[in-house]
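Reproduced below: model.pdb, with PDB, C-alpha atoms, pLDDT in the B column.
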```
ATOM      1  CA  MET A   1     -67.979 -68.261   0.759  1.00 53.00           C
ATOM      2  CA  VAL A   2     -66.948 -67.301  -2.774  1.00 56.00           C
ATOM      3  CA  SER A   3     -64.120 -64.847  -3.041  1.00 57.00           C
ATOM      4  CA  HIS A   4     -64.115 -62.584  -5.990  1.00 57.00           C
ATOM      5  CA  THR A   5     -60.682 -61.758  -7.243  1.00 60.00           C
ATOM      6  CA  HIS A   6     -60.395 -58.307  -8.613  1.00 55.00           C
ATOM      7  CA  THR A   7     -58.104 -57.990 -11.598  1.00 56.00           C
ATOM      8  CA  SER A   8     -56.812 -54.511 -12.155  1.00 55.00           C
ATOM      9  CA  ARG A   9     -57.074 -53.233 -15.670  1.00 61.00           C
ATOM     10  CA  ILE A  10     -54.798 -50.634 -17.097  1.00 59.00           C
ATOM     11  CA  MET A  11     -56.846 -47.730 -18.308  1.00 56.00           C
ATOM     12  CA  PRO A  12     -56.048 -46.607 -21.840  1.00 58.00           C
ATOM     13  CA  THR A  13     -54.419 -43.206 -22.048  1.00 57.00           C
ATOM     14  CA  ALA A  14     -55.619 -40.380 -24.230  1.00 57.00           C
ATOM     15  CA  PHE A  15     -52.361 -40.415 -26.203  1.00 56.00           C
ATOM     16  CA  PRO A  16     -50.882 -43.848 -26.707  1.00 60.00           C
ATOM     17  CA  ALA A  17     -47.131 -44.116 -26.726  1.00 61.00           C
ATOM     18  CA  LEU A  18     -45.694 -43.305 -30.119  1.00 66.00           C
ATOM     19  CA  ASP A  19     -43.560 -45.824 -31.866  1.00 76.00           C
ATOM     20  CA  LEU A  20     -40.031 -44.733 -32.813  1.00 81.00           C
ATOM     21  CA  THR A  21     -40.730 -45.371 -36.495  1.00 84.00           C
ATOM     22  CA  VAL A  22     -43.724 -43.023 -36.408  1.00 84.00           C
ATOM     23  CA  ILE A  23     -41.594 -40.292 -34.846  1.00 85.00           C
ATOM     24  CA  LEU A  24     -38.784 -40.760 -37.368  1.00 87.00           C
ATOM     25  CA  PHE A  25     -41.213 -40.878 -40.296  1.00 91.00           C
ATOM     26  CA  THR A  26     -42.896 -37.651 -39.152  1.00 92.00           C
ATOM     27  CA  PHE A  27     -39.536 -35.961 -38.719  1.00 94.00           C
ATOM     28  CA  ALA A  28     -38.434 -37.065 -42.210  1.00 95.00           C
ATOM     29  CA  ILE A  29     -41.643 -35.738 -43.798  1.00 96.00           C
ATOM     30  CA  LEU A  30     -41.268 -32.391 -42.023  1.00 96.00           C
ATOM     31  CA  LEU A  31     -37.625 -32.155 -43.078  1.00 96.00           C
ATOM     32  CA  VAL A  32     -38.485 -32.809 -46.727  1.00 95.00           C
ATOM     33  CA  ALA A  33     -41.337 -30.266 -46.631  1.00 94.00           C
ATOM     34  CA  TRP A  34     -39.091 -27.628 -45.051  1.00 92.00           C
ATOM     35  CA  THR A  35     -36.333 -28.261 -47.617  1.00 90.00           C
ATOM     36  CA  VAL A  36     -38.728 -28.018 -50.570  1.00 87.00           C
ATOM     37  CA  ARG A  37     -40.282 -24.843 -49.176  1.00 84.00           C
ATOM     38  CA  ARG A  38     -36.901 -23.240 -48.654  1.00 81.00           C
ATOM     39  CA  TRP A  39     -35.665 -24.268 -52.096  1.00 77.00           C
ATOM     40  CA  ARG A  40     -38.767 -22.918 -53.844  1.00 73.00           C
ATOM     41  CA  SER A  41     -38.757 -19.581 -52.036  1.00 68.00           C
ATOM     42  CA  SER A  42     -35.065 -18.891 -52.683  1.00 62.00           C
ATOM     43  CA  SER A  43     -35.220 -19.766 -56.369  1.00 62.00           C
ATOM     44  CA  GLU A  44     -37.636 -16.954 -57.249  1.00 66.00           C
ATOM     45  CA  PRO A  45     -35.841 -14.306 -59.327  1.00 71.00           C
ATOM     46  CA  ILE A  46     -37.664 -11.442 -57.614  1.00 72.00           C
ATOM     47  CA  ALA A  47     -36.042 -12.377 -54.303  1.00 68.00           C
ATOM     48  CA  CYS A  48     -32.696 -11.103 -55.628  1.00 74.00           C
ATOM     49  CA  ILE A  49     -33.937  -7.569 -56.442  1.00 77.00           C
ATOM     50  CA  PRO A  50     -32.838  -5.144 -53.725  1.00 79.00           C
ATOM     51  CA  GLY A  51     -35.360  -2.663 -52.360  1.00 76.00           C
ATOM     52  CA  PRO A  52     -34.811   1.030 -51.671  1.00 77.00           C
ATOM     53  CA  LYS A  53     -32.722   2.054 -48.690  1.00 81.00           C
ATOM     54  CA  SER A  54     -34.883   2.653 -45.645  1.00 78.00           C
ATOM     55  CA  ARG A  55     -34.613   5.841 -43.620  1.00 80.00           C
ATOM     56  CA  SER A  56     -35.647   4.187 -40.360  1.00 79.00           C
ATOM     57  CA  TRP A  57     -34.534   0.856 -38.928  1.00 78.00           C
ATOM     58  CA  ILE A  58     -37.787   0.576 -36.951  1.00 82.00           C
ATOM     59  CA  PHE A  59     -40.378   1.493 -39.568  1.00 79.00           C
ATOM     60  CA  GLY A  60     -38.458   0.878 -42.790  1.00 81.00           C
ATOM     61  CA  ASN A  61     -40.186   2.650 -45.670  1.00 82.00           C
ATOM     62  CA  MET A  62     -43.658   2.483 -44.091  1.00 85.00           C
ATOM     63  CA  LEU A  63     -43.550   6.141 -42.982  1.00 84.00           C
ATOM     64  CA  ASP A  64     -42.778   7.260 -46.548  1.00 84.00           C
ATOM     65  CA  LEU A  65     -45.712   5.226 -47.864  1.00 84.00           C
ATOM     66  CA  LEU A  66     -48.112   6.574 -45.240  1.00 85.00           C
ATOM     67  CA  LEU A  67     -47.001  10.183 -45.753  1.00 83.00           C
ATOM     68  CA  ALA A  68     -47.463   9.820 -49.516  1.00 84.00           C
ATOM     69  CA  LEU A  69     -50.961   8.444 -48.910  1.00 83.00           C
ATOM     70  CA  VAL A  70     -51.816  11.363 -46.619  1.00 83.00           C
ATOM     71  CA  GLU A  71     -50.583  13.846 -49.202  1.00 81.00           C
ATOM     72  CA  ASP A  72     -52.509  12.156 -52.021  1.00 78.00           C
ATOM     73  CA  LEU A  73     -55.785  11.983 -50.113  1.00 78.00           C
ATOM     74  CA  GLY A  74     -55.435  15.439 -48.552  1.00 73.00           C
ATOM     75  CA  PHE A  75     -55.865  14.466 -44.902  1.00 67.00           C
ATOM     76  CA  PHE A  76     -54.984  16.891 -42.103  1.00 62.00           C
ATOM     77  CA  GLY A  77     -54.882  19.950 -44.367  1.00 57.00           C
ATOM     78  CA  CYS A  78     -51.886  18.767 -46.385  1.00 49.00           C
TER      79      CYS A  78
END
```
Please render this file's structure as structure tokens.
Amino acid sequence: MVSHTHTSRIMPTAFPALDLTVILFTFAILLVAWTVRRWRSSSEPIACIPGPKSRSWIFGNMLDLLLALVEDLGFFGC
């Protein structure tokens, strides 16, 4: 009688194990992109111009803008 030996195969996973160099390379690229983005956004001269003081800490100046729009368009009998 012939015996068939069954060799177990390891099934491939959906996400193969990442190499340490791939992880470090990805981290380095993300760090450089974040640094460039932060440097570019803070170097704009308009970022230094202060805005008007807000009357509300929740809504800021949005209520003033909406009330001015209502007055200009004449909604609600204003």
Could you tell me how far atom CA of Val22 of chain A lies from atom CA of Trp34 of chain A, in Å and to one decimal?
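Result for atom CA of Val22 of chain A versus atom CA of Trp34 of chain A: 18.3 Å, one decimal.
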Could you work out how far atom CA of Asp64 of chain A lies from atom CA of Pro52 of chain A, giving the answer in Å with one decimal?
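Interatomic distance, atom CA of Pro52 of chain A to atom CA of Asp64 of chain A: 11.3 Å.
Reported to one decimal place, the separation of atom CA of Leu73 of chain A from atom CA of Pro50 of chain A is 28.9 Å.
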